[in-house]
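Peer 1: Compact mmCIF, C-alpha atoms, file my_file_29.txt:
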```txt
# COMPACT_ATOMS: atom_id res chain seq x y z
CA MET A 683 10.06 -27.87 -34.92
CA ARG A 684 7.96 -24.83 -33.93
CA LEU A 685 5.26 -27.04 -32.48
CA PHE A 686 7.73 -29.19 -30.57
CA LEU A 687 9.40 -26.11 -29.07
CA SER A 688 5.98 -24.71 -28.14
CA LEU A 689 5.12 -27.94 -26.35
CA LEU A 690 8.49 -27.95 -24.57
CA ALA A 691 8.14 -24.31 -23.51
CA GLY A 692 4.59 -24.94 -22.29
CA ALA A 693 5.62 -28.06 -20.37
CA LEU A 694 8.54 -26.26 -18.66
CA PHE A 695 6.24 -23.34 -17.80
CA GLY A 696 3.53 -25.66 -16.44
CA ALA A 697 6.02 -27.78 -14.49
CA GLY A 698 7.60 -24.64 -13.02
CA LEU A 699 4.25 -23.25 -11.89
CA PHE A 700 3.36 -26.60 -10.31
CA VAL A 701 6.72 -27.22 -8.58
CA SER A 702 7.02 -23.64 -7.29
CA GLY A 703 3.66 -23.80 -5.53
CA MET A 704 2.29 -20.87 -7.52
CA THR A 705 -0.91 -22.73 -8.35
CA ASP A 706 -1.65 -22.64 -4.60
CA THR A 707 -3.72 -19.49 -4.17
CA ARG A 708 -2.73 -19.33 -0.49
CA LYS A 709 0.91 -18.82 -1.42
CA VAL A 710 0.09 -16.11 -3.96
CA GLN A 711 -2.31 -14.28 -1.66
CA GLY A 712 0.16 -14.92 1.17
CA TRP A 713 2.76 -12.92 -0.76
CA LEU A 714 0.35 -10.08 -1.53
CA ASP A 715 -0.91 -10.01 2.05
CA VAL A 716 1.67 -7.80 3.76
CA PHE A 717 -0.76 -7.22 6.64
CA GLY A 718 -1.16 -10.95 7.27
CA ASP A 719 1.20 -13.91 7.54
CA TRP A 720 3.55 -12.86 4.73
CA ASP A 721 4.85 -15.64 2.44
CA PRO A 722 8.06 -14.78 0.51
CA THR A 723 7.88 -17.70 -1.98
CA LEU A 724 6.61 -15.67 -4.95
CA ALA A 725 9.68 -13.45 -4.85
CA PHE A 726 11.92 -16.52 -5.24
CA VAL A 727 9.81 -17.75 -8.16
CA MET A 728 10.01 -14.37 -9.92
CA GLY A 729 13.72 -14.08 -9.23
CA GLY A 730 14.36 -17.62 -10.43
CA ALA A 731 12.37 -17.08 -13.62
CA ILE A 732 14.10 -13.81 -14.45
CA ILE A 733 17.60 -15.41 -14.40
CA PRO A 734 17.28 -17.66 -17.52
CA MET A 735 15.25 -14.97 -19.29
CA PHE A 736 17.94 -12.37 -18.66
CA PHE A 737 20.48 -14.57 -20.47
CA ALA A 738 17.96 -15.45 -23.19
CA TRP A 739 17.47 -11.75 -24.02
CA ARG A 740 21.26 -11.31 -24.18
CA LEU A 741 21.49 -14.19 -26.65
CA THR A 742 18.95 -12.61 -29.01
CA THR A 743 21.33 -9.86 -30.16
CA GLY A 744 22.77 -10.59 -33.58
CA ARG A 745 20.95 -13.91 -33.86
CA LYS A 746 17.78 -15.38 -35.34
CA PRO A 747 15.33 -17.72 -33.58
CA LEU A 748 16.24 -21.42 -33.98
CA ALA A 749 12.99 -22.24 -35.74
CA GLY A 750 13.35 -19.33 -38.17
CA GLY A 751 11.57 -16.01 -38.41
CA SER A 752 12.73 -13.08 -36.34
CA PHE A 753 12.63 -11.93 -32.76
CA PRO A 754 9.57 -9.93 -31.76
CA ALA A 755 9.49 -6.20 -32.40
CA LEU A 756 9.55 -4.71 -28.93
CA PRO A 757 7.05 -1.99 -28.06
CA ARG A 758 8.30 1.54 -27.54
CA PRO A 759 8.90 2.22 -23.84
CA GLU A 760 5.70 4.22 -23.60
CA LEU A 761 3.32 4.22 -20.66
CA ASP A 762 -0.28 4.56 -21.79
CA HIS A 763 -3.71 4.35 -20.21
CA ARG A 764 -4.14 0.75 -21.39
CA LEU A 765 -1.06 -0.43 -19.50
CA ILE A 766 -1.99 1.36 -16.27
CA VAL A 767 -5.75 0.64 -16.21
CA GLY A 768 -5.37 -2.91 -17.52
CA SER A 769 -2.65 -3.83 -15.03
CA SER A 770 -4.67 -2.36 -12.17
CA LEU A 771 -7.79 -4.34 -13.14
CA PHE A 772 -5.71 -7.48 -13.54
CA GLY A 773 -4.10 -6.94 -10.14
CA MET A 774 -7.50 -6.55 -8.45
CA GLY A 775 -8.64 -9.91 -9.79
CA TRP A 776 -5.28 -11.47 -8.93
CA GLY A 777 -5.58 -10.28 -5.33
CA LEU A 778 -9.20 -11.40 -5.01
CA ALA A 779 -8.68 -15.01 -6.08
CA GLY A 780 -4.90 -15.53 -6.02
CA LEU A 781 -4.91 -16.77 -9.61
CA CYS A 782 -3.44 -15.32 -12.79
CA PRO A 783 -3.63 -16.76 -16.33
CA GLY A 784 -0.60 -19.11 -16.11
CA PRO A 785 -1.50 -20.86 -12.86
CA ALA A 786 -5.19 -20.92 -13.87
CA LEU A 787 -4.15 -22.98 -16.90
CA ALA A 788 -1.62 -25.16 -15.06
CA SER A 789 -4.14 -26.10 -12.36
CA LEU A 790 -7.03 -26.86 -14.73
CA SER A 791 -6.70 -30.61 -14.11
CA TYR A 792 -6.64 -30.39 -10.31
CA GLY A 793 -8.15 -27.01 -9.43
CA GLY A 794 -11.67 -28.40 -9.00
CA VAL A 795 -14.90 -26.60 -9.80
CA GLY A 796 -13.61 -23.32 -8.36
CA GLY A 797 -10.70 -23.35 -10.79
CA LEU A 798 -13.06 -24.04 -13.70
CA VAL A 799 -15.43 -21.21 -12.72
CA PHE A 800 -12.50 -18.78 -12.52
CA PHE A 801 -11.17 -20.04 -15.87
CA ALA A 802 -14.54 -19.65 -17.61
CA ALA A 803 -14.92 -16.09 -16.28
CA MET A 804 -11.35 -15.29 -17.36
CA ILE A 805 -12.09 -16.53 -20.90
CA ALA A 806 -15.25 -14.39 -20.98
CA GLY A 807 -13.16 -11.41 -19.84
CA MET A 808 -10.61 -12.04 -22.56
CA TYR A 809 -13.41 -12.23 -25.12
CA VAL A 810 -14.84 -8.82 -24.26
CA ALA A 811 -11.44 -7.18 -23.60
CA PRO A 812 -10.89 -5.81 -27.15
CA ARG A 813 -14.22 -3.93 -27.00
CA LEU A 814 -13.56 -2.68 -23.47
CA GLY A 815 -10.12 -1.56 -24.60
CA SER A 816 -11.63 0.52 -27.41
CA GLN A 817 -14.10 2.08 -24.95
CA LEU A 818 -11.18 2.94 -22.73
CA ASP A 819 -9.35 4.57 -25.67
CA ARG A 820 -12.40 6.77 -26.37
CA LEU A 821 -12.61 7.72 -22.72
CA ALA A 822 -8.92 8.58 -22.63
CA ALA A 823 -9.27 10.69 -25.80
CA THR A 824 -11.99 12.85 -24.24
CA ALA A 825 -10.33 13.12 -20.84
CA MET B 989 7.54 -24.87 5.22
CA GLU B 990 11.25 -24.03 5.26
CA THR B 991 11.83 -25.71 1.89
CA ASP B 992 9.14 -23.69 0.11
CA TRP B 993 11.56 -21.05 -1.10
CA ILE B 994 13.86 -23.68 -2.62
CA TRP B 995 10.97 -25.17 -4.59
CA GLY B 996 9.95 -21.63 -5.50
CA LEU B 997 13.41 -20.97 -6.89
CA VAL B 998 13.53 -24.33 -8.74
CA GLY B 999 10.07 -23.74 -10.20
CA GLY B 1000 11.01 -20.20 -11.12
CA LEU B 1001 14.10 -21.42 -13.00
CA LEU B 1002 11.89 -23.91 -14.90
CA ILE B 1003 9.47 -21.10 -15.80
CA GLY B 1004 12.38 -18.97 -17.00
CA CYS B 1005 13.75 -21.87 -19.07
CA GLY B 1006 10.33 -22.25 -20.68
CA GLY B 1007 10.40 -18.57 -21.57
CA ALA B 1008 13.95 -18.90 -22.92
CA VAL B 1009 12.98 -21.86 -25.14
CA PHE B 1010 9.98 -19.95 -26.50
CA LEU B 1011 12.05 -16.82 -27.17
CA LEU B 1012 15.25 -18.35 -28.58
CA GLY B 1013 13.41 -21.18 -30.34
CA ASN B 1014 10.30 -19.63 -31.80
CA GLY B 1015 11.15 -15.97 -31.41
CA ARG B 1016 8.08 -15.38 -29.25
CA ILE B 1017 7.47 -13.86 -25.84
CA LEU B 1018 6.03 -16.27 -23.31
CA GLY B 1019 2.97 -14.52 -21.97
CA ALA B 1020 0.15 -16.73 -20.73
CA SER B 1021 -2.57 -14.11 -21.18
CA GLY B 1022 -1.41 -13.26 -24.71
CA ILE B 1023 -1.09 -16.86 -25.87
CA LEU B 1024 -4.52 -17.81 -24.51
CA GLY B 1025 -6.21 -14.48 -25.23
CA GLY B 1026 -5.15 -14.57 -28.88
CA LEU B 1027 -7.10 -17.81 -29.26
CA VAL B 1028 -10.13 -16.40 -27.46
CA ASP B 1029 -10.51 -13.12 -29.38
CA GLY B 1030 -9.26 -14.46 -32.71
CA SER B 1031 -6.21 -12.18 -32.94
CA GLY B 1032 -3.89 -15.21 -32.80
CA ARG B 1033 -5.54 -17.15 -35.62
CA SER B 1034 -2.42 -17.21 -37.80
CA ASN B 1035 -0.44 -19.33 -35.32
CA TRP B 1036 -3.25 -21.00 -33.40
CA ALA B 1037 -1.59 -24.46 -33.42
CA GLU B 1038 1.53 -23.13 -31.71
CA ARG B 1039 -0.65 -21.51 -29.05
CA ALA B 1040 -2.85 -24.57 -28.56
CA ILE B 1041 0.07 -26.97 -28.17
CA PHE B 1042 1.79 -24.60 -25.73
CA ILE B 1043 -1.37 -24.62 -23.61
CA LEU B 1044 -1.50 -28.42 -23.86
CA GLY B 1045 2.03 -28.52 -22.42
CA VAL B 1046 1.09 -26.19 -19.54
CA VAL B 1047 -1.95 -28.29 -18.59
CA ALA B 1048 -0.26 -31.68 -19.08
CA ALA B 1049 3.04 -31.08 -17.22
CA PRO B 1050 1.50 -30.97 -13.72
CA LEU B 1051 -0.46 -34.15 -14.52
CA LEU B 1052 2.83 -35.95 -15.25
CA LEU B 1053 4.52 -34.61 -12.09
CA TRP B 1054 1.56 -35.21 -9.84
CA PRO B 1055 2.25 -38.92 -9.14
CA LEU B 1056 5.71 -37.99 -7.78
CA TYR B 1057 4.12 -36.02 -4.97
CA SER B 1058 3.07 -37.85 -1.83
CA VAL B 1059 1.18 -34.89 -0.40
CA GLU B 1060 -2.21 -33.88 -1.63
CA ILE B 1061 -2.20 -31.00 -4.10
CA ASP B 1062 -4.70 -28.29 -3.31
CA THR B 1063 -5.07 -24.89 -4.94
CA HIS B 1064 -7.04 -23.66 -1.88
CA VAL B 1065 -9.10 -21.53 -4.23
CA THR B 1066 -12.15 -19.82 -2.74
CA THR B 1067 -15.53 -21.55 -2.98
CA ASP B 1068 -17.36 -18.23 -3.31
CA VAL B 1069 -18.71 -18.28 -6.87
CA TRP B 1070 -19.13 -14.50 -7.08
CA VAL B 1071 -15.57 -13.85 -6.01
CA LEU B 1072 -14.38 -16.36 -8.62
CA VAL B 1073 -16.49 -14.79 -11.39
CA ALA B 1074 -15.48 -11.23 -10.51
CA ALA B 1075 -11.81 -12.17 -10.21
CA GLY B 1076 -11.84 -14.14 -13.46
CA LEU B 1077 -13.47 -11.27 -15.38
CA LEU B 1078 -10.97 -8.76 -13.94
CA VAL B 1079 -7.97 -10.97 -14.72
CA GLY B 1080 -9.20 -11.74 -18.25
CA THR B 1081 -10.05 -8.17 -19.26
CA GLY B 1082 -7.23 -6.47 -17.36
CA SER B 1083 -4.41 -8.67 -18.63
CA ARG B 1084 -5.58 -8.33 -22.24
CA ILE B 1085 -6.07 -4.56 -22.05
CA ALA B 1086 -2.60 -4.23 -20.48
CA ASN B 1087 -1.26 -6.67 -23.09
CA GLY B 1088 0.40 -8.87 -20.48
CA CYS B 1089 0.26 -10.44 -17.04
CA THR B 1090 2.75 -11.91 -14.55
CA SER B 1091 4.57 -13.92 -17.23
CA GLY B 1092 4.66 -11.46 -20.14
CA HIS B 1093 5.14 -8.18 -18.27
CA GLY B 1094 6.61 -9.71 -15.12
CA VAL B 1095 9.08 -12.41 -16.14
CA CYS B 1096 9.76 -11.47 -19.78
CA GLY B 1097 9.52 -7.70 -19.29
CA ILE B 1098 11.56 -7.21 -16.12
CA SER B 1099 14.34 -9.52 -17.40
CA ARG B 1100 15.04 -7.12 -20.27
CA PHE B 1101 14.57 -4.07 -18.02
CA SER B 1102 11.47 -3.00 -19.97
CA LEU B 1103 9.90 0.15 -18.56
CA ARG B 1104 6.41 -1.06 -19.51
CA GLY B 1105 7.00 -4.43 -17.85
CA ILE B 1106 8.30 -2.89 -14.65
CA VAL B 1107 5.49 -0.29 -14.42
CA ALA B 1108 2.81 -2.93 -15.17
CA THR B 1109 4.25 -5.15 -12.43
CA VAL B 1110 4.26 -2.31 -9.89
CA PHE B 1111 0.60 -1.56 -10.71
CA TYR B 1112 -0.73 -5.11 -10.57
CA ILE B 1113 1.12 -5.86 -7.32
CA LEU B 1114 -0.15 -2.64 -5.72
CA ALA B 1115 -3.69 -3.28 -6.98
CA GLY B 1116 -3.53 -6.90 -5.81
CA GLY B 1117 -2.16 -6.01 -2.39
CA LEU B 1118 -4.69 -3.21 -1.82
CA THR B 1119 -7.63 -5.31 -3.05
CA LEU B 1120 -6.65 -8.20 -0.81
CA ALA B 1121 -6.14 -5.90 2.19
CA LEU B 1122 -9.55 -4.28 1.61
CA PHE B 1123 -11.53 -7.49 1.15
CA ARG B 1124 -9.67 -9.57 3.73
CA HIS B 1125 -8.78 -7.17 6.53
CA VAL B 1126 -11.31 -4.31 6.20
CA LEU B 1127 -14.44 -5.96 4.82
CA GLU B 1128 -13.37 -9.44 6.00
CA VAL B 1129 -15.19 -11.24 3.19
CA ILE B 1130 -12.40 -13.32 1.61
```
How does this structure look as structure tokens?
Peer 2:
Amino acid sequence: MRLFLSLLAGALFGAGLFVSGMTDTRKVQGWLDVFGDWDPTLAFVMGGAIIPMFFAWRLTTGRKPLAGGSFPALPRPELDHRLIVGSSLFGMGWGLAGLCPGPALASLSYGGVGGLVFFAAMIAGMYVAPRLGSQLDRLAATA
Amino acid sequence: METDWIWGLVGGLLIGCGGAVFLLGNGRILGASGILGGLVDGSGRSNWAERAIFILGVVAAPLLLWPLYSVEIDTHVTTDVWVLVAAGLLVGTGSRIANGCTSGHGVCGISRFSLRGIVATVFYILAGGLTLALFRHVLEVI
């Protein structure tokens, strides 16, 4: 059951990224590029994705997940250095190549060598991230 | 194209439905960087199969839809290896340090009015927009 639902969720996510055009780096960079030929598509994708999720969050109150267990413990609404620095670094890479983790995965089969190079570098980044995060914590503690 | 926004909306709804299935079904937040990153750094060892099969679904779905499209699919990704490597490293480290990317903080966070999700989204959009403006319009290298 859990595995089937994971596959279904993944397939819907992958299909959505493909259909929406978000694996096309031109459309993503086109949305970020307010000084160029601005492309509004990404806003529609975000808006569309938020609608079912809004209702899903509503449905979590007083219920348990279908496959058992419990809903995730939500983090305290606290803004820390990890959130700010990490999001900024992520955004820089996103702007440079027009790819983020979801579309990088969804386009693996048709993104060519460029997509594979980006993916490999992203995996390497994810591998070293825990150590970099600890370094950042030490830096923040002394600052 | 004029129909791009419609497909954007349709695709967005599909993405949101995927997130809803993952949340209401398995009680988990759909975040691409977290699901993949947990496999890479070992923090997601306890439910690795769930993560792996999710990723299989993400990769396989476009392959199944592909034949329905008459136009050629192109990601238009840059051919500059150094830009790809730098961008990949930044996306990989940044999204893991921030504990989320466009799906986790963006879609799943904003939809429950999470302060962290909204602030993360503001920062990665600003950083992305400024980086693109700098490298495309000032330095003119991408």
Peer 1: Which distance in Å separates atom CA of B:Val1129 and atom CA of A:Asp719, to one decimal?
Peer 2: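 Atom CA of A:Asp719 lies 17.2 Å from atom CA of B:Val1129.
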Peer 1: Distance table requested - stretch 1062-1096 of chain B against stretch 758-770 of chain A, cut-off 7 Å, only C-alpha atoms: one row per qualifying residue with the closest atom pair and its distance in Å to one decimal, ordered by chain and rising residue number, as a tab-separated table.
Peer 2:
```
residue	atom	partner	partner_atom	distance
B:Gly1082	CA	A:Gly768	CA	4.0
B:Ser1083	CA	A:Gly768	CA	5.9
B:Ile1085	CA	A:Gly768	CA	4.9
B:Ala1086	CA	A:Leu765	CA	4.2
```
Peer 1: Show me the residues close to (16.2, -5.3, -18.1) - anything with an atom within 10 Å, counting all atoms listed in the file - and format the list as a compact mmCIF listing (two decimals) with C-alpha atoms, in the coordinates of the input.
Peer 2:
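Final file, point10.txt:
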```txt
# COMPACT_ATOMS: atom_id res chain seq x y z
CA ILE A 732 14.10 -13.81 -14.45
CA MET A 735 15.25 -14.97 -19.29
CA PHE A 736 17.94 -12.37 -18.66
CA TRP A 739 17.47 -11.75 -24.02
CA ARG A 740 21.26 -11.31 -24.18
CA CYS B 1096 9.76 -11.47 -19.78
CA GLY B 1097 9.52 -7.70 -19.29
CA ILE B 1098 11.56 -7.21 -16.12
CA SER B 1099 14.34 -9.52 -17.40
CA ARG B 1100 15.04 -7.12 -20.27
CA PHE B 1101 14.57 -4.07 -18.02
CA SER B 1102 11.47 -3.00 -19.97
CA LEU B 1103 9.90 0.15 -18.56
CA GLY B 1105 7.00 -4.43 -17.85
CA ILE B 1106 8.30 -2.89 -14.65
```
Peer 1: List as a list in words the protein and nucleic acid residues near A:Leu699, meaning an atom at most 7 Å away when all atoms listed in the file are counted, but skip any in the same chain fewer than 3 places from it.
Peer 2: Phe695, Gly696, Ser702, Gly703, Met704, Thr705, Pro785 and Ala788 of chain A; Gly999 and Ile1003 of chain B
Peer 1: Could you name the residues that touch B:Arg1039 at 9 Å or less, counting all atoms listed in the file, but leaving out those on the same chain fewer than 4 positions away, as a list in words?
Peer 2: Leu685 and Ser688 of chain A; Ile1023, Leu1024, Gly1026, Leu1027, Gly1032, Asn1035, Ile1043 and Leu1044 of chain B
Peer 1: In the coordinate frame of the file, compute which residues have an atom within 7 Å of (9.9, -19.4, -30.4) when using only C-alpha atoms, and state them as a list in words.
Peer 2: Arg684, Leu687, Ser688, Pro747 and Ala749 of chain A; Val1009, Phe1010, Leu1011, Leu1012, Gly1013, Asn1014, Gly1015 and Arg1016 of chain B
Peer 1: Which residue out of A:Pro757, A:Pro783, A:Gly751, A:Gly698 has the minimum interatomic distance to A:Met728 when all atoms listed in the file are used?
Peer 2: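 Distance minimum relative to A:Met728 lands on A:Gly698.
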Peer 1: Enter the distance from atom CA of B:Ile1113 to atom CA of B:Gly1019, in Å, rounded to one decimal.
Peer 2: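 Atom-to-atom, atom CA of B:Ile1113 to atom CA of B:Gly1019, that is 17.1 Å.
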Peer 1: Model the absent atoms of stretch 716-727 of chain A so that N, CA, C and O atoms are present, and write the result as a PDB file, keeping the file's coordinate frame.
Peer 2:
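Saved to part-v1.pdb:
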```pdb
ATOM      1  N   VAL A 716       0.614  -8.314   2.869  1.00  0.00           N
ATOM      2  CA  VAL A 716       1.670  -7.800   3.760  1.00  0.00           C
ATOM      3  C   VAL A 716       1.150  -7.528   5.171  1.00  0.00           C
ATOM      4  O   VAL A 716       1.924  -7.407   6.109  1.00  0.00           O
ATOM      5  N   PHE A 717      -0.186  -7.459   5.311  1.00  0.00           N
ATOM      6  CA  PHE A 717      -0.760  -7.220   6.640  1.00  0.00           C
ATOM      7  C   PHE A 717      -1.074  -8.532   7.353  1.00  0.00           C
ATOM      8  O   PHE A 717      -1.539  -8.543   8.480  1.00  0.00           O
ATOM      9  N   GLY A 718      -0.867  -9.648   6.662  1.00  0.00           N
ATOM     10  CA  GLY A 718      -1.160 -10.950   7.270  1.00  0.00           C
ATOM     11  C   GLY A 718       0.122 -11.717   7.522  1.00  0.00           C
ATOM     12  O   GLY A 718       1.171 -11.139   7.827  1.00  0.00           O
ATOM     13  N   ASP A 719       0.051 -13.041   7.338  1.00  0.00           N
ATOM     14  CA  ASP A 719       1.200 -13.910   7.540  1.00  0.00           C
ATOM     15  C   ASP A 719       1.959 -13.978   6.223  1.00  0.00           C
ATOM     16  O   ASP A 719       1.688 -14.817   5.378  1.00  0.00           O
ATOM     17  N   TRP A 720       2.905 -13.050   6.034  1.00  0.00           N
ATOM     18  CA  TRP A 720       3.550 -12.860   4.730  1.00  0.00           C
ATOM     19  C   TRP A 720       4.351 -14.083   4.283  1.00  0.00           C
ATOM     20  O   TRP A 720       5.107 -14.660   5.053  1.00  0.00           O
ATOM     21  N   ASP A 721       4.176 -14.479   3.017  1.00  0.00           N
ATOM     22  CA  ASP A 721       4.850 -15.640   2.440  1.00  0.00           C
ATOM     23  C   ASP A 721       5.796 -15.162   1.322  1.00  0.00           C
ATOM     24  O   ASP A 721       5.350 -14.625   0.323  1.00  0.00           O
ATOM     25  N   PRO A 722       7.115 -15.341   1.498  1.00  0.00           N
ATOM     26  CA  PRO A 722       8.060 -14.780   0.510  1.00  0.00           C
ATOM     27  C   PRO A 722       8.229 -15.604  -0.770  1.00  0.00           C
ATOM     28  O   PRO A 722       8.935 -15.160  -1.684  1.00  0.00           O
ATOM     29  N   THR A 723       7.588 -16.778  -0.864  1.00  0.00           N
ATOM     30  CA  THR A 723       7.880 -17.700  -1.980  1.00  0.00           C
ATOM     31  C   THR A 723       7.830 -17.049  -3.353  1.00  0.00           C
ATOM     32  O   THR A 723       8.708 -17.261  -4.192  1.00  0.00           O
ATOM     33  N   LEU A 724       6.782 -16.241  -3.612  1.00  0.00           N
ATOM     34  CA  LEU A 724       6.610 -15.670  -4.950  1.00  0.00           C
ATOM     35  C   LEU A 724       7.834 -14.878  -5.414  1.00  0.00           C
ATOM     36  O   LEU A 724       8.183 -14.906  -6.592  1.00  0.00           O
ATOM     37  N   ALA A 725       8.494 -14.225  -4.488  1.00  0.00           N
ATOM     38  CA  ALA A 725       9.680 -13.450  -4.850  1.00  0.00           C
ATOM     39  C   ALA A 725      10.786 -14.371  -5.375  1.00  0.00           C
ATOM     40  O   ALA A 725      11.506 -14.025  -6.315  1.00  0.00           O
ATOM     41  N   PHE A 726      10.919 -15.556  -4.776  1.00  0.00           N
ATOM     42  CA  PHE A 726      11.920 -16.520  -5.240  1.00  0.00           C
ATOM     43  C   PHE A 726      11.555 -17.053  -6.626  1.00  0.00           C
ATOM     44  O   PHE A 726      12.423 -17.281  -7.466  1.00  0.00           O
ATOM     45  N   VAL A 727      10.266 -17.257  -6.857  1.00  0.00           N
ATOM     46  CA  VAL A 727       9.810 -17.750  -8.160  1.00  0.00           C
ATOM     47  C   VAL A 727      10.126 -16.710  -9.238  1.00  0.00           C
ATOM     48  O   VAL A 727      10.718 -17.010 -10.279  1.00  0.00           O
TER      49      VAL A 727
END
```
